[in-house]
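The structure appears right after this line, and notes come after that.
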Amino acid sequence: MEKKPYPICCLGAGYVGVPTMAVICEKNPDIKATVFDVDEKRIAAWKSENLPFYEPDLEDIIKAKRDKSLFFSTDAEKSINEADLIYICVGTPTKTTGIGAGMGTNLTYIESTARMIAKYSKTNKIIVEKSTVPVQTSSYLEKVLKANAQPNVTFEILSNPEFMAEGSAIRDLRKPDRVVIGGKDTESAQKAIEILKKIYCWVDDKQIVTTNLFSSELIKLTANAFLAQRVSSINAIAEVAEVTGANVHEIARGIGLDSRIGPKFLGAGIGFGGSCFQKDLFNLIYLCEWFNLKEVVAYWKQVVIMNDHQRKRFVMKILNKMFNNITSKKISVLGFAFKKDTSDTRESPAIYISDYLIKEGAHLSIYDPKATKETILRDLQALTPNVNLEKQVTVVSNAQDSIKESHAILILTDWDEFKELNLAETYKIMEKPAYIFDGRNVIDQKEARKIGFETYSVGTPL
Ligand code: UGA
């Protein structure tokens with residue numbers, strides 16, 4: 001980092017790129033970061049008062065650093081050319097058509113980004129692959145960059161996957177468990193690694209893990225696969241608990257105190273959502289299929305199967321308890337985001353559960369503290385393009401309106417405000433019998449039952 005300020009840029013103004021650049025700027029007064037995106041609307045939003053998504057503490061950093069050391073731009077040439085180090089943070093969605101559809105990764109954005117970097121780079125650059133990618137993408141990236149480079153321009157490629165979670169992105173970035181940096185075993189790559197390490201100046205050296213490029217790429221997929229597997233494992237035990245009269249939360253505590261297992265990610269519920277777990281599992285499964293590792297494929301596929309099963313099982317519980325008769329009934333859906341403290345609804349279990357219920361003819365009254373009406377309706381319409389959603393779905397702006405005169409409450413996101421529901425008051429304004437289906441272990445079931453509710457909470461005695 002010879003220049004001061006050291007110029008970096010980030011291609012892709014999404015959930016990974018912006019929080020990462022924000023915290024880098026917060027921690028490094030000597031860095032100037034430009035976040036580029038082709039999407040003009042998104043860049044305009046980052047420059048405005050109305051940021052594109054909600055993430056705790058992000059707004060404060062943006063306001064403090066914007067136009068001082070953190071810039072947003074749609075000018076690719078300027079952003080790339082000025083930077084000495086470039087983060088690639090573009091989307092890597094699952095392929096939707098062709099061979100590998102639904103499993104393999106669509107690398108279109110990675111490739112177009114590489115071509116753009118090659119086109120506009122007049123000086124040598126360090127390229128940091130941060131997007132989650134199939135293993136060996138770094139060598140493909142290198143090939144595209146080299147083949148299109150301007151004369152005498154070289155690129156050093158590093159892999160530096162991101163492990164932050166939405167809703168706690170800033171906290172995770174400020175205090176990461178570890179930073180993984182993959183690079184080649186050459187002198188120039190090792191030099192580039194040292195520069196990247198300096199950018200993470202607030203992270204203890206012992207927490208920086210350096211590996212080869214492919215290990216780093218596979219670490220990312222493995223970490224998400226392990227986390228998703230834990231959720232599916234505890235959900236599998238939840239089903240056993242329900243039929244045997246055990247309680248999955250007691251089991252989670254009982255096993256979580258074993259230091260080899262640990263207490264985190266043992267929350268049974270309606271399954272994992274979000275843009276990463278399923279996509280990354282498919283990414284891993286597809287890679288294993290590619291190499292014909294049949295048993296490994298079957299092993300990881302089961303994690304996804306269990307997750308789908310958990311959502312469907314929740315719906316079956318609702319139907320069973322309500323005598324398979326929810327047609328035309330008002331059902332209150334509390335929470336639509338895939339987890340609390342985010343407005344993100346991508347792959348949220350709430351989408352799939354709502355869809356099942358719409359097909360049963362229910363009237364859903366949906367409330368989420370942060371997910372917008374537009375997003376909720378778009379997600380649902382994508383699954384049922386032929387259904388007139390207006391007849392069956394209302395999105396409201398507070399829990400009270402959603403609950404009023406409903407037959408059942410479904411808790412689908414673990415927002416703190418749902419923990420504070422006044423159950424006695426809630427009971428009064430509902431149709432009777434009044435049901436609560438708690439998909440996130442939020443409600444005090446004992447109290448709810450005492451008040452008169454019929455309740456179901458995943459993994460607890462029926
Ligand atoms: C996940 C990983 O946790 C991050 O480390 C990673 O960087 C990120 O993916 C990514 O690849 O970008 P994220 O998807 O934002 O982060 O959120 P998580 O906190 O992991 O939750 C994922 C889903 O699992 C949520 O739907 C959550 O409700 C569910 N979950 C989590 C459970 O059902 N039970 C648990 O005990 C924990």
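Identifiers for the structure tokens are assigned positionally: chains receive A, B, ... in sequence, residues are indexed from 1 per chain, and ligands are indexed from 1 in the order shown.
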
Would you write out, as CSV, a table of all residues in chain A that have an atom no more than 7 Å from an atom of ligand 1, listing for each the closest atom pair and the distance in Å to one decimal, considering only C-alpha atoms and all ligand atoms and ordering rows by chain and rising residue number?
```
residue,atom,partner,partner_atom_place_in_ligand_line,distance
A:Glu162,CA,ligand 1,7 (O),5.1
A:Phe163,CA,ligand 1,7 (O),3.1
A:Met164,CA,ligand 1,7 (O),4.1
A:Ala165,CA,ligand 1,15 (O),3.5
A:Glu166,CA,ligand 1,15 (O),3.7
A:Gly167,CA,ligand 1,15 (O),6.9
A:Asn224,CA,ligand 1,2 (C),5.8
A:Leu227,CA,ligand 1,3 (O),6.8
A:Ala228,CA,ligand 1,24 (O),6.8
A:Val231,CA,ligand 1,34 (N),5.2
A:Lys264,CA,ligand 1,36 (O),6.3
A:Phe265,CA,ligand 1,36 (O),3.2
A:Leu266,CA,ligand 1,36 (O),4.2
A:Gly267,CA,ligand 1,36 (O),3.3
A:Ala268,CA,ligand 1,34 (N),5.6
A:Gly269,CA,ligand 1,33 (O),5.4
A:Ile270,CA,ligand 1,33 (O),6.5
A:Gly271,CA,ligand 1,33 (O),4.8
A:Phe272,CA,ligand 1,24 (O),3.7
A:Gly273,CA,ligand 1,26 (O),3.7
A:Gly274,CA,ligand 1,14 (O),4.7
A:Ser275,CA,ligand 1,14 (O),6.2
A:Cys276,CA,ligand 1,11 (O),4.7
A:Phe277,CA,ligand 1,9 (O),6.0
A:Phe338,CA,ligand 1,26 (O),4.6
A:Lys339,CA,ligand 1,28 (O),4.5
A:Ser348,CA,ligand 1,26 (O),6.5
```

Keeping only C-alpha atoms, write those residues as a compact mmCIF listing (two decimals), in the first residue's frame.
```txt
# COMPACT_ATOMS: atom_id res chain seq x y z
CA GLU A 162 -16.78 -13.50 2.89
CA PHE A 163 -18.26 -15.10 6.02
CA MET A 164 -20.47 -12.33 7.35
CA ALA A 165 -24.16 -13.03 7.83
CA GLU A 166 -26.96 -10.64 6.96
CA GLY A 167 -28.43 -8.81 9.92
CA ASN A 224 -21.90 -22.79 4.41
CA LEU A 227 -23.80 -24.54 8.79
CA ALA A 228 -26.74 -25.62 6.64
CA VAL A 231 -29.73 -26.64 10.74
CA LYS A 264 -24.58 -22.16 17.78
CA PHE A 265 -26.74 -23.01 14.78
CA LEU A 266 -28.86 -25.50 16.67
CA GLY A 267 -32.08 -23.52 16.36
CA ALA A 268 -34.82 -25.80 15.01
CA GLY A 269 -37.48 -24.08 12.95
CA ILE A 270 -38.92 -23.90 9.47
CA GLY A 271 -35.59 -24.47 7.78
CA PHE A 272 -32.87 -22.23 6.47
CA GLY A 273 -33.48 -19.54 3.87
CA GLY A 274 -31.39 -16.76 2.42
CA SER A 275 -29.53 -16.40 -0.81
CA CYS A 276 -26.52 -18.47 0.24
CA PHE A 277 -27.08 -21.82 1.92
CA PHE A 338 -35.45 -15.05 5.83
CA LYS A 339 -34.18 -14.07 9.30
CA SER A 348 -37.16 -17.21 2.72
```

Task: DSSP-assigned helix (DSSP H, G or I) members of range 50-277 of chain A, reported as a PyMOL selection string - done: chain A and resi 58-65+76-82+108-120+137-148+169-174+187-199+205-207+213-244+248-256+277

Open item on the list: Going by DSSP on the backbone, which residues of range 158-282 of chain A come out as strand (DSSP E)? List them as a VMD selection string.
Closed with: chain A and resid 158 to 159 179 to 182 208 to 211

TODO: Please provide the set of residues having any atom within 8 Å of range 240-243 of chain A, restricted to only C-alpha atoms, with same-chain residues fewer than 5 positions apart removed, written as a list in words.
DONE: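 The filter keeps Val248, Val458, Gly459, Thr460, Pro461 and Leu462 of chain A.
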